[in-house]
file structure07.txt (compact mmCIF, C-alpha atoms)
# COMPACT_ATOMS: atom_id res chain seq x y z
CA MET G 209 -8.35 -44.06 14.46
CA LYS G 210 -9.43 -41.16 12.26
CA LEU G 211 -7.10 -38.18 12.18
CA SER G 212 -9.69 -35.90 13.78
CA ALA G 213 -10.05 -38.25 16.76
CA PHE G 214 -6.29 -38.61 17.01
CA ILE G 215 -5.83 -34.82 17.19
CA LEU G 216 -8.35 -34.49 20.01
CA GLU G 217 -7.03 -37.51 21.93
CA LYS G 218 -3.33 -36.63 21.52
CA MET G 219 -3.75 -32.87 21.95
CA GLU G 220 -1.19 -32.63 24.75
CA PRO G 221 1.73 -34.32 22.91
CA ILE G 222 1.01 -32.21 19.82
CA LEU G 223 0.91 -29.00 21.89
CA LYS G 224 4.11 -30.03 23.63
CA GLU G 225 5.92 -30.15 20.27
CA TRP G 226 4.35 -26.81 19.27
CA GLU G 227 5.54 -25.33 22.57
CA GLU G 228 9.10 -26.61 22.11
CA PHE G 229 9.30 -25.23 18.59
CA ALA G 230 7.86 -21.84 19.57
CA ALA G 231 10.40 -21.61 22.42
CA SER G 232 13.21 -22.03 19.87
CA LEU G 233 12.19 -18.81 18.13
CA ALA G 234 13.97 -15.69 19.35
CA PRO G 235 10.93 -13.57 20.33
CA LEU G 236 9.66 -16.28 22.74
CA GLU G 237 12.90 -17.43 24.35
CA ASP G 238 11.72 -16.18 27.76
CA ALA G 239 7.98 -16.68 27.22
CA THR G 240 5.58 -18.48 29.53
CA ARG G 241 3.85 -21.73 28.61
CA VAL G 242 0.61 -19.88 27.88
CA GLU G 243 2.42 -17.51 25.50
CA LEU G 244 4.16 -20.38 23.76
CA ARG G 245 0.97 -22.35 23.13
CA ASP G 246 -1.15 -19.29 22.45
CA HIS G 247 -4.14 -20.31 20.24
CA ALA G 248 -2.66 -23.65 19.14
CA SER G 249 -5.31 -25.70 20.93
CA ALA G 250 -8.13 -23.68 19.37
CA VAL G 251 -6.55 -23.97 15.89
CA LEU G 252 -6.30 -27.76 16.26
CA ARG G 253 -9.89 -28.10 17.48
CA VAL G 254 -11.12 -26.10 14.48
CA ILE G 255 -9.14 -28.39 12.18
CA ALA G 256 -10.46 -31.54 13.88
CA LYS G 257 -14.02 -30.31 13.52
CA ASP G 258 -13.39 -29.46 9.89
CA LEU G 259 -12.12 -33.00 9.20
CA ASP G 260 -15.46 -34.41 10.43
CA THR G 261 -17.52 -31.96 8.39
CA PRO G 262 -18.64 -33.07 4.91
CA GLN G 263 -17.25 -30.95 2.09
CA SER G 264 -17.37 -30.86 -1.68
CA GLU G 265 -14.36 -31.09 -3.97
CA HIS G 266 -14.75 -27.39 -4.74
CA GLN G 267 -14.63 -26.52 -1.04
CA GLY G 268 -11.48 -28.57 -0.57
CA ILE G 269 -9.72 -26.85 -3.46
CA ALA G 270 -10.74 -23.45 -2.06
CA LYS G 271 -9.22 -24.32 1.34
CA SER G 272 -5.95 -25.45 -0.22
CA LYS G 273 -5.71 -21.95 -1.73
CA GLY G 274 -6.77 -20.20 1.49
CA LEU G 275 -10.06 -19.13 -0.11
CA ALA G 276 -12.61 -20.82 2.15
CA VAL G 277 -15.79 -18.87 2.85
CA ALA G 278 -15.11 -16.58 5.82
CA LEU G 279 -17.23 -17.13 8.93
CA ALA G 280 -18.54 -14.40 11.20
CA GLY G 281 -16.06 -13.19 13.79
CA ASP G 282 -12.35 -13.80 14.15
CA THR G 283 -10.91 -17.27 13.63
CA ALA G 284 -8.41 -18.86 15.99
CA ALA G 285 -5.71 -18.49 13.34
CA GLN G 286 -6.39 -14.75 13.03
CA LEU G 287 -6.27 -14.26 16.79
CA HIS G 288 -3.03 -16.23 16.87
CA ALA G 289 -1.52 -13.82 14.34
CA GLU G 290 -2.47 -10.84 16.52
CA GLU G 291 -0.73 -12.38 19.52
CA ARG G 292 2.36 -13.15 17.49
CA VAL G 293 2.53 -9.55 16.19
CA ALA G 294 2.44 -8.36 19.79
CA ALA G 295 5.20 -10.87 20.66
CA GLY G 296 7.46 -9.45 17.96
CA PHE G 297 7.23 -12.36 15.50
CA SER G 298 8.21 -11.89 11.88
CA GLY G 299 6.07 -13.27 9.06
CA GLU G 300 8.65 -16.04 8.61
CA HIS G 301 8.20 -17.05 12.26
CA VAL G 302 4.44 -17.36 11.89
CA MET G 303 4.80 -19.40 8.70
CA ALA G 304 7.35 -21.65 10.41
CA GLU G 305 4.93 -22.39 13.28
CA PHE G 306 2.29 -23.72 10.90
CA ARG G 307 4.86 -25.78 9.00
CA ALA G 308 6.00 -27.29 12.29
CA LEU G 309 2.41 -27.98 13.35
CA ARG G 310 1.70 -29.75 10.06
CA SER G 311 4.80 -31.88 10.43
CA SER G 312 4.17 -32.73 14.10
CA VAL G 313 0.59 -33.90 13.62
CA LEU G 314 1.29 -36.07 10.58
CA ARG G 315 4.45 -37.56 12.05
CA LEU G 316 2.82 -38.45 15.37
CA TRP G 317 -0.19 -39.90 13.56
CA ALA G 318 2.07 -42.02 11.32
CA GLN G 319 3.81 -43.34 14.42
CA HIS G 320 0.43 -44.30 15.90
CA LYS G 321 -0.92 -46.24 12.90
CA GLN G 322 -0.19 -47.34 9.38
CA ILE G 323 -1.57 -44.86 6.87
CA THR G 324 -2.73 -47.11 4.05
CA SER G 325 -6.48 -46.89 3.53
CA PRO G 326 -8.21 -44.46 1.15
CA GLY G 327 -9.87 -42.89 4.21
CA ASP G 328 -6.48 -42.21 5.77
CA ILE G 329 -5.22 -40.59 2.56
CA GLU G 330 -8.38 -38.47 2.41
CA ASP G 331 -7.81 -37.37 6.03
CA MET G 332 -4.25 -36.32 5.18
CA ILE G 333 -5.39 -34.32 2.17
CA ARG G 334 -8.11 -32.58 4.16
CA PHE G 335 -5.75 -31.89 7.05
CA ASN G 336 -3.30 -30.19 4.68
CA GLU G 337 -6.14 -28.15 3.18
CA ALA G 338 -7.23 -27.05 6.66
CA ILE G 339 -3.66 -26.09 7.62
CA ASP G 340 -3.32 -24.10 4.39
CA GLN G 341 -6.53 -22.23 5.19
CA ALA G 342 -5.46 -21.50 8.78
CA GLN G 343 -2.02 -20.36 7.64
CA THR G 344 -3.55 -18.04 5.03
CA GLU G 345 -5.94 -16.52 7.59
CA SER G 346 -3.11 -15.98 10.03
CA MET G 347 -0.73 -14.39 7.53
CA ALA G 348 -3.45 -12.17 6.08
CA ARG G 349 -4.24 -10.80 9.55
CA TYR G 350 -0.52 -10.45 10.33
CA ALA G 351 0.12 -8.49 7.12
CA LYS G 352 -2.97 -6.31 7.66
CA MET G 353 -1.92 -5.35 11.18
CA LEU G 354 1.61 -4.58 10.03
CA ARG G 355 0.39 -2.39 7.16
CA GLU G 356 -1.94 -0.49 9.47
CA ALA G 357 0.85 0.08 12.00
CA GLN G 358 3.23 1.27 9.29
CA ASN G 359 0.68 3.62 7.79
CA LEU G 360 -0.23 5.01 11.20
CA PHE G 361 3.46 5.57 11.87
CA LEU G 362 3.82 7.44 8.58
CA ALA G 363 0.76 9.56 9.33
CA ILE G 364 2.09 10.55 12.76
CA LEU G 365 5.54 11.21 11.29
CA GLY G 366 4.04 13.45 8.62
CA HIS G 367 2.11 15.47 11.16
CA ASP G 368 5.16 15.81 13.41
CA VAL G 369 7.37 16.99 10.54
CA ARG G 370 4.93 19.70 9.48
CA THR G 371 5.31 21.69 12.71
CA PRO G 372 9.07 22.42 12.42
CA LEU G 373 8.68 22.74 8.65
CA GLY G 374 6.11 25.49 9.19
CA ALA G 375 8.57 27.29 11.45
CA VAL G 376 11.29 27.08 8.77
CA SER G 377 8.92 28.49 6.15
CA MET G 378 7.78 31.29 8.42
CA GLY G 379 11.39 32.19 9.23
CA ALA G 380 12.27 32.35 5.53
CA GLN G 381 9.32 34.67 4.86
CA VAL G 382 10.45 36.98 7.67
CA LEU G 383 13.92 37.16 6.13
CA LEU G 384 12.48 38.02 2.71
CA MET G 385 10.42 40.86 4.19
CA ASP G 386 13.54 42.49 5.64
CA GLN G 387 14.82 44.62 2.78
CA THR G 388 17.81 45.80 4.83
CA LEU G 389 19.47 42.42 4.39
CA PRO G 390 22.11 42.03 1.66
CA SER G 391 21.06 40.42 -1.61
CA LYS G 392 22.99 37.25 -0.81
CA ALA G 393 20.99 36.74 2.39
CA LEU G 394 17.73 37.35 0.53
CA LYS G 395 18.68 34.75 -2.08
CA VAL G 396 19.37 32.25 0.68
CA GLY G 397 16.02 33.13 2.26
CA LEU G 398 14.22 32.56 -1.05
CA ARG G 399 15.97 29.22 -1.48
CA ILE G 400 14.93 28.16 2.03
CA LEU G 401 11.32 29.18 1.34
CA ASN G 402 11.19 27.29 -1.97
CA SER G 403 12.77 24.21 -0.40
CA SER G 404 10.32 24.27 2.49
CA LYS G 405 7.42 24.43 0.01
CA ARG G 406 8.78 21.39 -1.79
CA MET G 407 9.20 19.57 1.50
CA ASP G 408 5.64 20.47 2.44
CA ALA G 409 4.39 18.94 -0.82
CA ILE G 410 6.35 15.74 -0.08
CA VAL G 411 4.93 15.56 3.45
CA ARG G 412 1.42 16.17 2.09
CA ASP G 413 1.83 13.23 -0.31
CA LEU G 414 3.16 11.10 2.54
CA LEU G 415 0.13 11.93 4.68
CA ASP G 416 -2.24 11.18 1.82
CA PHE G 417 -0.49 7.88 1.16
CA SER G 418 -0.82 6.79 4.78
CA THR G 419 -4.40 8.00 5.32
CA THR G 420 -5.70 6.30 2.17
CA HIS G 421 -4.46 2.98 3.54
CA LEU G 422 -6.02 3.65 6.93
CA GLY G 423 -9.41 4.78 5.68
CA GLU G 424 -11.50 4.76 2.53
CA GLY G 425 -9.43 6.82 0.15
CA ILE G 426 -8.71 10.53 -0.09
CA PRO G 427 -11.56 12.72 1.18
CA ILE G 428 -12.74 15.44 -1.20
CA ASP G 429 -14.88 18.56 -0.83
CA PRO G 430 -16.33 19.37 -4.29
CA ARG G 431 -17.23 22.95 -5.13
CA THR G 432 -17.74 24.90 -8.33
CA VAL G 433 -14.24 25.68 -9.64
CA ASN G 434 -12.50 26.67 -12.87
CA LEU G 435 -9.94 24.02 -13.79
CA LEU G 436 -8.23 26.32 -16.29
CA GLU G 437 -7.33 28.76 -13.51
CA ILE G 438 -6.04 25.90 -11.37
CA CYS G 439 -4.05 24.49 -14.28
CA GLN G 440 -2.49 27.86 -15.10
CA HIS G 441 -1.56 28.42 -11.46
CA THR G 442 0.23 25.06 -11.19
CA ILE G 443 2.20 25.79 -14.38
CA ASP G 444 3.21 29.25 -13.09
CA GLU G 445 4.35 27.63 -9.87
CA ALA G 446 6.37 25.04 -11.80
CA LYS G 447 8.04 27.84 -13.80
CA THR G 448 9.13 29.48 -10.54
CA PHE G 449 10.96 26.35 -9.43
CA ASN G 450 12.20 25.47 -12.94
CA PRO G 451 12.94 28.73 -14.80
CA ASP G 452 15.03 26.94 -17.44
CA ARG G 453 12.24 24.59 -18.54
CA LYS G 454 9.73 25.32 -21.30
CA PHE G 455 6.01 24.77 -20.66
CA GLU G 456 3.27 24.66 -23.29
CA LEU G 457 -0.43 24.92 -22.40
CA SER G 458 -3.42 24.36 -24.66
CA ALA G 459 -6.99 24.62 -23.40
CA GLY G 460 -10.51 24.65 -24.75
CA GLY G 461 -14.15 24.00 -23.94
CA ASP G 462 -16.07 24.55 -20.71
CA LEU G 463 -13.70 24.01 -17.78
CA VAL G 464 -16.02 25.12 -14.98
CA GLY G 465 -17.51 22.31 -12.94
CA THR G 466 -17.81 20.58 -9.58
CA TRP G 467 -14.52 19.28 -8.21
CA ASP G 468 -12.31 19.69 -5.16
CA GLY G 469 -10.12 22.58 -6.32
CA GLN G 470 -7.29 22.04 -3.84
CA ARG G 471 -7.08 18.35 -4.59
CA MET G 472 -7.12 18.94 -8.34
CA ALA G 473 -4.31 21.48 -7.96
CA GLN G 474 -2.37 18.84 -6.05
CA ALA G 475 -2.97 16.26 -8.79
CA PHE G 476 -2.04 18.66 -11.61
CA SER G 477 1.10 19.75 -9.75
CA ASN G 478 2.21 16.18 -9.06
CA LEU G 479 1.85 15.19 -12.73
CA ILE G 480 3.83 18.24 -13.87
CA SER G 481 6.54 17.59 -11.26
CA ASN G 482 6.76 13.98 -12.43
CA ALA G 483 7.11 15.13 -16.04
CA ILE G 484 9.89 17.56 -15.10
CA GLN G 485 11.82 14.97 -13.14
CA HIS G 486 11.67 12.20 -15.73
CA SER G 487 12.09 14.18 -18.97
CA THR G 488 15.18 15.32 -20.84
CA PRO G 489 16.26 18.79 -19.62
CA ASP G 490 15.89 20.57 -22.98
CA SER G 491 12.48 19.12 -23.88
CA PRO G 492 9.19 21.00 -23.30
CA ILE G 493 6.46 19.95 -20.91
CA SER G 494 3.16 19.98 -22.80
CA VAL G 495 -0.07 20.39 -20.83
CA SER G 496 -3.52 20.13 -22.38
CA ILE G 497 -6.93 20.55 -20.73
CA MET G 498 -10.16 20.23 -22.71
CA GLY G 499 -13.74 20.53 -21.54
CA LEU G 500 -16.02 18.04 -23.30
CA ALA G 501 -19.76 17.44 -22.94
CA GLY G 502 -19.62 14.97 -20.06
CA GLU G 503 -16.03 15.20 -18.86
CA VAL G 504 -12.80 17.16 -18.74
CA VAL G 505 -9.63 15.62 -20.18
CA TYR G 506 -6.29 16.73 -18.73
CA GLU G 507 -3.01 15.55 -20.30
CA VAL G 508 0.66 16.02 -19.48
CA ASN G 509 3.21 14.98 -22.09
CA ASN G 510 7.00 14.90 -21.88
CA GLN G 511 9.92 13.33 -23.72
CA ALA G 512 11.39 10.61 -21.54
CA GLU G 513 12.71 7.08 -21.50
CA ILE G 514 10.05 4.64 -22.67
CA PHE G 515 8.39 2.69 -19.85
CA SER G 516 8.63 -1.09 -19.87
CA GLN G 517 5.45 -3.12 -19.38
CA THR G 518 6.64 -4.11 -15.90
CA LYS G 519 7.08 -0.48 -14.92
CA LEU G 520 3.71 0.48 -16.38
CA ARG G 521 1.97 -2.19 -14.27
CA THR G 522 3.43 -0.79 -11.04
CA LEU G 523 3.57 2.89 -11.95
CA PHE G 524 0.88 3.96 -9.48
CA ASP G 525 1.98 1.63 -6.66
CA PRO G 526 5.05 3.09 -4.89
CA ILE G 527 5.60 0.05 -2.65
CA LYS G 528 5.77 -2.40 -5.55
CA ARG G 529 7.87 0.03 -7.59
CA PHE G 530 10.39 0.23 -4.79
CA ALA G 531 10.34 -3.54 -4.20
CA ILE G 532 11.32 -4.39 -7.79
CA ARG G 533 14.18 -1.89 -7.94
CA PRO G 534 17.68 -3.39 -8.06
CA ALA G 535 19.55 -3.07 -4.78
CA SER G 536 21.98 -0.62 -6.42
CA GLU G 537 19.11 1.83 -7.01
CA ARG G 538 17.82 1.83 -3.45
CA VAL G 539 20.66 3.76 -1.87
CA GLY G 540 22.53 7.02 -2.22
CA ALA G 541 22.29 9.35 -5.16
CA ARG G 542 20.91 6.63 -7.43
CA MET G 543 17.63 6.48 -5.52
CA GLN G 544 15.02 8.84 -6.95
CA ASN G 545 11.81 9.76 -5.15
CA LEU G 546 9.48 6.99 -4.01
CA GLY G 547 6.74 7.83 -6.47
CA LEU G 548 4.15 8.87 -3.88
CA GLY G 549 3.01 11.69 -6.15
CA LEU G 550 1.57 9.42 -8.83
CA TYR G 551 -0.14 7.27 -6.22
CA VAL G 552 -1.80 10.37 -4.75
CA VAL G 553 -2.89 11.53 -8.22
CA LYS G 554 -4.58 8.19 -8.84
CA GLU G 555 -6.40 8.37 -5.48
CA ILE G 556 -7.58 11.94 -6.12
CA VAL G 557 -8.85 11.04 -9.58
CA SER G 558 -10.58 7.92 -8.21
CA ALA G 559 -12.24 10.01 -5.47
CA HIS G 560 -13.78 12.11 -8.27
CA ASP G 561 -14.98 8.95 -10.07
CA GLY G 562 -12.43 9.66 -12.79
CA GLU G 563 -9.80 7.61 -14.58
CA ILE G 564 -6.08 8.03 -15.16
CA SER G 565 -4.01 6.25 -17.79
CA VAL G 566 -0.49 6.47 -19.20
CA SER G 567 0.92 5.79 -22.64
CA SER G 568 4.58 5.49 -23.53
CA HIS G 569 5.84 5.58 -27.12
CA GLU G 570 9.21 6.36 -28.62
CA ASP G 571 7.85 9.05 -30.95
CA ALA G 572 5.14 10.60 -28.78
CA GLY G 573 6.94 10.34 -25.43
CA VAL G 574 5.12 9.72 -22.16
CA THR G 575 1.57 10.99 -21.74
CA PHE G 576 -0.55 10.90 -18.59
CA THR G 577 -4.27 11.32 -19.28
CA VAL G 578 -6.85 12.18 -16.61
CA ARG G 579 -10.57 11.98 -17.35
CA LEU G 580 -12.88 13.71 -14.87
CA PRO G 581 -16.68 13.46 -15.01
CA ARG G 582 -18.41 16.79 -14.57
CA GLN G 583 -20.26 15.76 -11.42
CA THR G 584 -19.30 13.62 -8.46
CA PRO G 585 -21.52 11.78 -5.96
CA LEU G 586 -20.30 14.16 -3.24
CA ARG G 587 -21.35 17.36 -5.00
CA ARG G 588 -22.63 19.95 -2.56
CA SER G 589 -26.37 20.49 -2.76
CA GLY G 590 -27.24 23.99 -3.91
CA ASP G 591 -23.65 24.72 -5.00
call {"tool": "encode", "arguments": {"input": "structure07.txt", "output": "structure tokens"}}
result
Amino acid sequence: MKLSAFILEKMEPILKEWEEFAASLAPLEDATRVELRDHASAVLRVIAKDLDTPQSEHQGIAKSKGLAVALAGDTAAQLHAEERVAAGFSGEHVMAEFRALRSSVLRLWAQHKQITSPGDIEDMIRFNEAIDQAQTESMARYAKMLREAQNLFLAILGHDVRTPLGAVSMGAQVLLMDQTLPSKALKVGLRILNSSKRMDAIVRDLLDFSTTHLGEGIPIDPRTVNLLEICQHTIDEAKTFNPDRKFELSAGGDLVGTWDGQRMAQAFSNLISNAIQHSTPDSPISVSIMGLAGEVVYEVNNQAEIFSQTKLRTLFDPIKRFAIRPASERVGARMQNLGLGLYVVKEIVSAHDGEISVSSHEDAGVTFTVRLPRQTPLRRSGD
């Protein structure tokens, strides 16, 4: 009996083993039979049909890597992943179900007949390829749903934090306007206001990080702006928070063009803040902005520890940067910021059809370079 026919004929014993294994997993200890079996029957029928469908060697290799051509609509494996997310399964649980299914089918088939012919071996290979494809589809959907839920959570959290943060900032401004207060109280008020502004910038980066993963990148509203004015403003702001640091600015060329001014200020500020945080305290922060014929080039240079190639590859991805940190650097005072600022800079630059790069050399230090074309596809008509 071919493996495809065996699966269809012995569906109930196979599902029984699936059910018993699923019941052994913590999230489904008290589940009903329907919840335990979920989409197992549909997954097996898809696999049985696949075994009877002619395929090329290239198609088989693609399936073994989970790269089969996607069909219209959701597959049974994808729907299964959605149900398991709702049931509270971890990714390890979902993977374990497919491993158990693979083992059950092949073991029961081996008990039914001797697997010796070339056709039997071919069936086994194709069955494994089909399981690999189904497992990949399921895990991809599982991971996608989890990322979307996490990003939505972060977005809601960011919005919720901004309300009390606004109240703190407003209260600090009221204190600063009361000149009858002693100088010590005014200093405390100024410190509260500056801290609330920093917190607002962090929350803004958090919101941008979450919304870019939920949608199609950071939205921009291009208008005619002067990047030199924006650049100078961000440096003046940095001096306010860091009066002991030295800043150097060089500029030249035509710096008037069509960009989202607020977003560019955010990008410039994030790069300067990053340079301040990761440079030696007595070294200057050098900022350069030059207007060329077809683009504007903005650079921030600082003296800092040279980046390794591994760090350079993950510099603009805060999740991967955090994941590769040693456990000792993930807690307490050793943990620096999560690097959301650089991620947001990259998204803002990409939204303007620009490019950002970084170089790290012992003599020249660390330099971030942003290249912005003078026009964007979203330029306002008549502006």
call {"tool": "atom_distance", "arguments": {"input": "structure07.txt", "atom1": "CA of Val553 (chain G)", "atom2": "CA of Glu356 (chain G)"}}
result
21.4 Å
call {"tool": "closest_residue", "arguments": {"input": "structure07.txt", "among": "G:Ala248, G:Val552, G:Ala278, G:Ala512", "to": "His569 (chain G)", "atoms": "only C-alpha atoms"}}
result
G:Ala512
call {"tool": "closest_residue", "arguments": {"input": "structure07.txt", "among": "G:Leu580, G:Leu523, G:Leu211, G:Ala234", "to": "Asp260 (chain G)", "atoms": "all atoms listed in the file"}}
result
G:Leu211
call {"tool": "atom_distance", "arguments": {"input": "structure07.txt", "atom1": "CA of Gly299 (chain G)", "atom2": "CA of Ile255 (chain G)"}}
result
21.7 Å
call {"tool": "atom_distance", "arguments": {"input": "structure07.txt", "atom1": "CA of Lys271 (chain G)", "atom2": "CA of Glu228 (chain G)"}}
result
27.8 Å
call {"tool": "closest_residue", "arguments": {"input": "structure07.txt", "among": "G:Val578, G:Met498, G:Ala393, G:Ile400", "to": "Ala375 (chain G)", "atoms": "all atoms listed in the file"}}
result
G:Ile400
call {"tool": "residues_around", "arguments": {"input": "structure07.txt", "residues": "Thr344 (chain G)", "least_positions_apart": "4", "cutoff": "9 Å", "atoms": "all atoms listed in the file", "output": "list of chain:residue names"}}
result
G:Lys273, G:Gly274, G:Leu275, G:Ala285, G:Ile339, G:Asp340, G:Ala348, G:Arg349
call {"tool": "residues_around", "arguments": {"input": "structure07.txt", "residues": "Arg471 (chain G)", "least_positions_apart": "3", "cutoff": "8 Å", "atoms": "only C-alpha atoms", "output": "list in words"}}
result
Ile428, Asp468, Gln474, Ala475 and Ile556 of chain G
call {"tool": "residues_around", "arguments": {"input": "structure07.txt", "residues": "region 316-323 of chain G", "least_positions_apart": "5", "cutoff": "10 Å", "atoms": "all atoms listed in the file", "output": "mmCIF file with C-alpha atoms, in the coordinates of the input"}}
result
data_model
loop_
_atom_site.group_PDB
_atom_site.id
_atom_site.type_symbol
_atom_site.label_atom_id
_atom_site.label_comp_id
_atom_site.auth_asym_id
_atom_site.auth_seq_id
_atom_site.Cartn_x
_atom_site.Cartn_y
_atom_site.Cartn_z
ATOM 1 C CA MET G 209 -8.350 -44.060 14.460
ATOM 2 C CA LYS G 210 -9.430 -41.160 12.260
ATOM 3 C CA LEU G 211 -7.100 -38.180 12.180
ATOM 4 C CA PHE G 214 -6.290 -38.610 17.010
ATOM 5 C CA ILE G 215 -5.830 -34.820 17.190
ATOM 6 C CA LYS G 218 -3.330 -36.630 21.520
ATOM 7 C CA PRO G 221 1.730 -34.320 22.910
ATOM 8 C CA ILE G 222 1.010 -32.210 19.820
ATOM 9 C CA SER G 311 4.800 -31.880 10.430
ATOM 10 C CA ASP G 328 -6.480 -42.210 5.770
ATOM 11 C CA ILE G 329 -5.220 -40.590 2.560
ATOM 12 C CA ASP G 331 -7.810 -37.370 6.030
ATOM 13 C CA MET G 332 -4.250 -36.320 5.180
#
call {"tool": "residues_around", "arguments": {"input": "structure07.txt", "residues": "Thr420 (chain G)", "least_positions_apart": "5", "cutoff": "8 Å", "atoms": "only C-alpha atoms", "output": "ChimeraX atom specification"}}
result
/G:425-426,555
call {"tool": "residues_around", "arguments": {"input": "structure07.txt", "residues": "Glu330 (chain G)", "least_positions_apart": "5", "cutoff": "10 Å", "atoms": "all atoms listed in the file", "output": "PyMOL selection string"}}
result
chain G and resi 211+259+325+335-336
call {"tool": "closest_residue", "arguments": {"input": "structure07.txt", "among": "G:Pro427, G:Gly397, G:Gly374, G:Gly573", "to": "Ala483 (chain G)", "atoms": "all atoms listed in the file"}}
result
G:Gly573
call {"tool": "residues_near_point", "arguments": {"input": "structure07.txt", "point": "(-8.5, -33.3, 21.6)", "cutoff": "10 Å", "atoms": "all atoms listed in the file", "output": "NGL selection string"}}
result
:G and (212-220 or 222 or 249-250 or 252-253 or 256)
call {"tool": "axis_aligned_box", "arguments": {"input": "structure07.txt", "around": "region 390-401 of chain G", "padding_each_side": "6 Å", "output": "AutoDock Vina command-line options"}}
result
--center_x 17.2 --center_y 35.1 --center_z 0.2 --size_x 23.7 --size_y 25.9 --size_z 16.5
call {"tool": "closest_residue", "arguments": {"input": "structure07.txt", "among": "G:Gly562, G:Gly549, G:Gly281, G:Gly327", "to": "Asn482 (chain G)", "atoms": "all atoms listed in the file"}}
result
G:Gly549
call {"tool": "closest_residue", "arguments": {"input": "structure07.txt", "among": "G:Ala351, G:Val433, G:Ala501, G:Leu550", "to": "Leu479 (chain G)", "atoms": "only C-alpha atoms"}}
result
G:Leu550
